[in-house]
Amino acid sequence: MLVRLLYASRATASFSTAIVDSILEQSRKNNPSQGITGILCFSDDLFIQVLEGGRDEVCELYNKIVRDDRHCDVRILTYEEISERRFGGWSMGQVNIAKINPSLLLKYSEKAVLNPFTCSGLASMALLDELIATASVVSRGC
């Protein structure tokens, strides 16, 4: 059974490219063997990540993320059973929200900043869908 989990978290240390690179490197190395696909969005100290795959594998990975000391305030935004993947082409794609047109963020939230803690999980997923549609995903990492 396939599932999709969307979560948000905050970085515990001051945000740096090295933190994101480390998370992406680890994801791209480990996810394919677990059948996990997804996308990671980041801005300032915020992260939004979608994980898709088998229920057990996604839940195990999410539990590791919750225990990872690079993250705090980890919150599930949506969790659903799915019939097909949206992010099947990505072992872990990435989007730097700072490089996105602010009007796109305003479409889905009160202000032109990424804050998944103040909008619905459905709005966050719609934003991710639009980022894919507008080719804002930096790397497929296949």
# chains A, B, ... in the order shown; residues from 1 in each chain; ligands from 1
>>> select_by_dssp(residues="chain A", states="alpha helix (DSSP H)", output="ChimeraX atom specification")
/A:17-34,55-67,102-108,121-133
>>> select_by_dssp(residues="chain A", states="strand (DSSP E)", output="PyMOL selection string")
chain A and resi 2-11+37-43+46-54+71-82+93-96
>>> atom_distance(atom1="CA of Asn31 in chain A", atom2="CA of Asn101 in chain A")
29.7 Å
>>> closest_residue(among="A:Arg70, A:Leu24, A:Gln49, A:Ala112", to="Ala98 in chain A", atoms="only C-alpha atoms")
A:Ala112
>>> atom_distance(atom1="CA of Thr78 in chain A", atom2="CA of Val50 in chain A")
9.2 Å
>>> closest_residue(among="A:Ile19, A:Asp56, A:Val74, A:Ala8", to="Ser120 in chain A", atoms="only C-alpha atoms")
A:Ala8
>>> closest_residue(among="A:Ile97, A:Leu105, A:Met125, A:Ala18", to="Leu5 in chain A", atoms="only C-alpha atoms")
A:Met125
>>> atom_distance(atom1="CA of Leu6 in chain A", atom2="CA of Phe47 in chain A")
10.5 Å
>>> closest_residue(among="A:Arg28, A:Arg55, A:Met1, A:Asp45", to="Asp73 in chain A", atoms="only C-alpha atoms")
A:Asp45
>>> closest_residue(among="A:Val3, A:Ala13, A:Leu77, A:Leu46", to="Ala123 in chain A", atoms="only C-alpha atoms")
A:Leu77
>>> closest_atom_pairs(of="range 49-123 of chain A", to="range 128-131 of chain A", cutoff="12 Å", atoms="only C-alpha atoms", output="tab-separated table")
residue	atom	partner	partner_atom	distance
A:Gln49	CA	A:Leu128	CA	9.5
A:Val50	CA	A:Leu128	CA	9.0
A:Arg86	CA	A:Asp129	CA	8.4
A:Phe87	CA	A:Asp129	CA	9.6
A:Gly93	CA	A:Leu128	CA	11.0
A:Gln94	CA	A:Leu131	CA	10.3
A:Val95	CA	A:Leu131	CA	8.1
A:Asn96	CA	A:Leu131	CA	10.5
A:Ile97	CA	A:Leu131	CA	9.6
A:Lys99	CA	A:Leu131	CA	11.3
A:Ile100	CA	A:Leu131	CA	8.6
A:Asn101	CA	A:Leu131	CA	10.4
A:Leu104	CA	A:Glu130	CA	8.5
A:Leu105	CA	A:Leu131	CA	10.1
A:Lys107	CA	A:Glu130	CA	10.4
A:Tyr108	CA	A:Leu128	CA	10.3
A:Leu114	CA	A:Leu128	CA	11.4
A:Pro116	CA	A:Leu128	CA	11.5
A:Gly121	CA	A:Leu128	CA	10.6
A:Leu122	CA	A:Leu128	CA	9.9
A:Ala123	CA	A:Leu128	CA	8.7
>>> write_last_selection(atoms="N, CA and C atoms", output="short mmCIF file (atom, residue, chain, number, x, y, z; two decimals), in the first residue's frame")
data_model
loop_
_atom_site.label_atom_id
_atom_site.label_comp_id
_atom_site.auth_asym_id
_atom_site.auth_seq_id
_atom_site.Cartn_x
_atom_site.Cartn_y
_atom_site.Cartn_z
N GLN A 49 8.44 18.70 3.73
CA GLN A 49 8.89 17.54 2.98
C GLN A 49 7.71 16.61 2.74
N VAL A 50 7.68 16.06 1.52
CA VAL A 50 6.73 15.02 1.17
C VAL A 50 7.50 13.72 1.05
N ARG A 86 2.95 11.18 -6.76
CA ARG A 86 3.11 12.47 -7.43
C ARG A 86 4.57 12.76 -7.69
N PHE A 87 5.44 12.19 -6.86
CA PHE A 87 6.87 12.51 -6.90
C PHE A 87 7.70 11.27 -7.25
N GLY A 93 13.66 15.51 -4.60
CA GLY A 93 13.79 16.80 -5.27
C GLY A 93 13.91 17.89 -4.23
N GLN A 94 14.36 19.07 -4.65
CA GLN A 94 14.50 20.17 -3.69
C GLN A 94 14.04 21.48 -4.30
N VAL A 95 13.52 22.34 -3.44
CA VAL A 95 13.08 23.67 -3.84
C VAL A 95 13.55 24.65 -2.77
N ASN A 96 14.25 25.69 -3.20
CA ASN A 96 14.62 26.78 -2.30
C ASN A 96 13.57 27.86 -2.47
N ILE A 97 12.70 28.00 -1.47
CA ILE A 97 11.59 28.94 -1.56
C ILE A 97 12.07 30.38 -1.73
N LYS A 99 13.99 31.48 -3.76
CA LYS A 99 14.16 31.77 -5.18
C LYS A 99 12.84 31.76 -5.94
N ILE A 100 11.72 31.61 -5.23
CA ILE A 100 10.41 31.54 -5.85
C ILE A 100 9.77 32.92 -5.84
N ASN A 101 8.99 33.24 -6.87
CA ASN A 101 8.26 34.49 -6.93
C ASN A 101 7.33 34.59 -5.72
N LEU A 104 3.55 33.66 -5.78
CA LEU A 104 3.13 32.27 -5.69
C LEU A 104 2.86 31.88 -4.24
N LEU A 105 3.71 32.35 -3.34
CA LEU A 105 3.48 32.07 -1.92
C LEU A 105 2.21 32.75 -1.42
N LYS A 107 -0.42 33.23 -3.00
CA LYS A 107 -1.58 32.49 -3.50
C LYS A 107 -2.09 31.48 -2.47
N TYR A 108 -1.17 30.96 -1.63
CA TYR A 108 -1.51 29.88 -0.72
C TYR A 108 -1.41 30.24 0.76
N LEU A 114 7.11 31.31 3.39
CA LEU A 114 6.74 29.92 3.63
C LEU A 114 6.53 29.73 5.12
N PRO A 116 4.32 26.75 6.82
CA PRO A 116 3.33 25.67 6.79
C PRO A 116 2.58 25.51 8.11
N GLY A 121 -2.67 21.82 5.42
CA GLY A 121 -1.86 20.84 4.70
C GLY A 121 -2.24 20.79 3.23
N LEU A 122 -3.52 20.97 2.93
CA LEU A 122 -3.96 20.98 1.53
C LEU A 122 -3.36 22.15 0.76
N ALA A 123 -3.27 23.32 1.40
CA ALA A 123 -2.66 24.48 0.75
C ALA A 123 -1.17 24.24 0.51
#
>>> decode(residues="range 75-116 of chain A", atoms="N, CA and C atoms", output="JSON list (two decimals), in the first residue's frame")
[["chain", "number", "residue", "atom", "x", "y", "z"],
["A", 75, "ARG", "N", 5.79, 18.43, 12.49],
["A", 75, "ARG", "CA", 4.33, 18.30, 12.49],
["A", 75, "ARG", "C", 3.86, 17.65, 11.20],
["A", 76, "ILE", "N", 2.98, 16.67, 11.32],
["A", 76, "ILE", "CA", 2.35, 16.08, 10.15],
["A", 76, "ILE", "C", 1.29, 17.05, 9.65],
["A", 77, "LEU", "N", 1.36, 17.39, 8.36],
["A", 77, "LEU", "CA", 0.37, 18.27, 7.75],
["A", 77, "LEU", "C", -0.71, 17.46, 7.04],
["A", 78, "THR", "N", -0.32, 16.41, 6.34],
["A", 78, "THR", "CA", -1.28, 15.48, 5.72],
["A", 78, "THR", "C", -0.66, 14.09, 5.69],
["A", 79, "TYR", "N", -1.52, 13.10, 5.74],
["A", 79, "TYR", "CA", -1.12, 11.70, 5.59],
["A", 79, "TYR", "C", -2.28, 11.01, 4.90],
["A", 80, "GLU", "N", -1.98, 10.32, 3.78],
["A", 80, "GLU", "CA", -3.07, 9.68, 3.04],
["A", 80, "GLU", "C", -2.58, 8.45, 2.30],
["A", 81, "GLU", "N", -3.50, 7.52, 2.10],
["A", 81, "GLU", "CA", -3.25, 6.40, 1.22],
["A", 81, "GLU", "C", -3.41, 6.92, -0.21],
["A", 82, "ILE", "N", -2.56, 6.46, -1.10],
["A", 82, "ILE", "CA", -2.58, 6.95, -2.48],
["A", 82, "ILE", "C", -2.58, 5.79, -3.45],
["A", 83, "SER", "N", -3.11, 6.04, -4.65],
["A", 83, "SER", "CA", -3.09, 5.01, -5.68],
["A", 83, "SER", "C", -1.89, 5.15, -6.60],
["A", 84, "GLU", "N", -1.31, 6.36, -6.63],
["A", 84, "GLU", "CA", -0.10, 6.58, -7.42],
["A", 84, "GLU", "C", 0.71, 7.72, -6.80],
["A", 85, "ARG", "N", 1.98, 7.74, -7.13],
["A", 85, "ARG", "CA", 2.89, 8.76, -6.60],
["A", 85, "ARG", "C", 2.79, 10.05, -7.42],
["A", 86, "ARG", "N", 2.95, 11.18, -6.76],
["A", 86, "ARG", "CA", 3.11, 12.47, -7.43],
["A", 86, "ARG", "C", 4.57, 12.76, -7.69],
["A", 87, "PHE", "N", 5.44, 12.19, -6.86],
["A", 87, "PHE", "CA", 6.87, 12.51, -6.90],
["A", 87, "PHE", "C", 7.70, 11.27, -7.25],
["A", 88, "GLY", "N", 7.16, 10.42, -8.11],
["A", 88, "GLY", "CA", 7.82, 9.17, -8.47],
["A", 88, "GLY", "C", 9.17, 9.35, -9.15],
["A", 89, "GLY", "N", 9.40, 10.48, -9.78],
["A", 89, "GLY", "CA", 10.65, 10.73, -10.48],
["A", 89, "GLY", "C", 11.75, 11.29, -9.60],
["A", 90, "TRP", "N", 11.48, 11.47, -8.32],
["A", 90, "TRP", "CA", 12.44, 12.09, -7.42],
["A", 90, "TRP", "C", 12.80, 11.15, -6.28],
["A", 91, "SER", "N", 14.08, 10.83, -6.12],
["A", 91, "SER", "CA", 14.49, 10.18, -4.88],
["A", 91, "SER", "C", 14.40, 11.23, -3.78],
["A", 92, "MET", "N", 14.70, 12.49, -4.12],
["A", 92, "MET", "CA", 14.40, 13.62, -3.25],
["A", 92, "MET", "C", 14.69, 14.91, -4.02],
["A", 93, "GLY", "N", 13.66, 15.51, -4.60],
["A", 93, "GLY", "CA", 13.79, 16.80, -5.27],
["A", 93, "GLY", "C", 13.91, 17.89, -4.23],
["A", 94, "GLN", "N", 14.36, 19.07, -4.65],
["A", 94, "GLN", "CA", 14.50, 20.17, -3.69],
["A", 94, "GLN", "C", 14.04, 21.48, -4.30],
["A", 95, "VAL", "N", 13.52, 22.34, -3.44],
["A", 95, "VAL", "CA", 13.08, 23.67, -3.84],
["A", 95, "VAL", "C", 13.55, 24.65, -2.77],
["A", 96, "ASN", "N", 14.25, 25.69, -3.20],
["A", 96, "ASN", "CA", 14.62, 26.78, -2.30],
["A", 96, "ASN", "C", 13.57, 27.86, -2.47],
["A", 97, "ILE", "N", 12.70, 28.00, -1.47],
["A", 97, "ILE", "CA", 11.59, 28.94, -1.56],
["A", 97, "ILE", "C", 12.07, 30.38, -1.73],
["A", 98, "ALA", "N", 13.27, 30.69, -1.25],
["A", 98, "ALA", "CA", 13.79, 32.05, -1.39],
["A", 98, "ALA", "C", 13.92, 32.45, -2.86],
["A", 99, "LYS", "N", 13.99, 31.48, -3.76],
["A", 99, "LYS", "CA", 14.16, 31.77, -5.18],
["A", 99, "LYS", "C", 12.84, 31.76, -5.94],
["A", 100, "ILE", "N", 11.72, 31.61, -5.23],
["A", 100, "ILE", "CA", 10.41, 31.54, -5.85],
["A", 100, "ILE", "C", 9.77, 32.92, -5.84],
["A", 101, "ASN", "N", 8.99, 33.24, -6.87],
["A", 101, "ASN", "CA", 8.26, 34.49, -6.93],
["A", 101, "ASN", "C", 7.33, 34.59, -5.72],
["A", 102, "PRO", "N", 7.43, 35.67, -4.93],
["A", 102, "PRO", "CA", 6.59, 35.81, -3.72],
["A", 102, "PRO", "C", 5.09, 35.74, -4.00],
["A", 103, "SER", "N", 4.67, 36.11, -5.21],
["A", 103, "SER", "CA", 3.24, 36.06, -5.52],
["A", 103, "SER", "C", 2.71, 34.63, -5.49],
["A", 104, "LEU", "N", 3.55, 33.66, -5.78],
["A", 104, "LEU", "CA", 3.13, 32.27, -5.69],
["A", 104, "LEU", "C", 2.86, 31.88, -4.24],
["A", 105, "LEU", "N", 3.71, 32.35, -3.34],
["A", 105, "LEU", "CA", 3.48, 32.07, -1.92],
["A", 105, "LEU", "C", 2.21, 32.75, -1.42],
["A", 106, "LEU", "N", 1.95, 33.96, -1.89],
["A", 106, "LEU", "CA", 0.74, 34.68, -1.49],
["A", 106, "LEU", "C", -0.53, 33.97, -1.94],
["A", 107, "LYS", "N", -0.42, 33.23, -3.00],
["A", 107, "LYS", "CA", -1.58, 32.49, -3.50],
["A", 107, "LYS", "C", -2.09, 31.48, -2.47],
["A", 108, "TYR", "N", -1.17, 30.96, -1.63],
["A", 108, "TYR", "CA", -1.51, 29.88, -0.72],
["A", 108, "TYR", "C", -1.41, 30.24, 0.76],
["A", 109, "SER", "N", -0.96, 31.45, 1.08],
["A", 109, "SER", "CA", -0.83, 31.81, 2.49],
["A", 109, "SER", "C", -1.07, 33.30, 2.70],
["A", 110, "GLU", "N", -1.13, 33.70, 3.95],
["A", 110, "GLU", "CA", -1.45, 35.08, 4.31],
["A", 110, "GLU", "C", -0.34, 36.06, 3.90],
["A", 111, "LYS", "N", 0.90, 35.61, 3.95],
["A", 111, "LYS", "CA", 2.05, 36.46, 3.63],
["A", 111, "LYS", "C", 2.93, 35.75, 2.62],
["A", 112, "ALA", "N", 3.81, 36.50, 1.99],
["A", 112, "ALA", "CA", 4.69, 35.95, 0.96],
["A", 112, "ALA", "C", 5.91, 35.27, 1.58],
["A", 113, "VAL", "N", 5.66, 34.46, 2.58],
["A", 113, "VAL", "CA", 6.71, 33.67, 3.22],
["A", 113, "VAL", "C", 6.20, 32.24, 3.41],
["A", 114, "LEU", "N", 7.11, 31.31, 3.39],
["A", 114, "LEU", "CA", 6.74, 29.92, 3.63],
["A", 114, "LEU", "C", 6.53, 29.73, 5.12],
["A", 115, "ASN", "N", 5.31, 29.40, 5.50],
["A", 115, "ASN", "CA", 5.04, 29.04, 6.89],
["A", 115, "ASN", "C", 3.94, 27.99, 6.93],
["A", 116, "PRO", "N", 4.32, 26.75, 6.82],
["A", 116, "PRO", "CA", 3.33, 25.67, 6.79],
["A", 116, "PRO", "C", 2.58, 25.51, 8.11]]
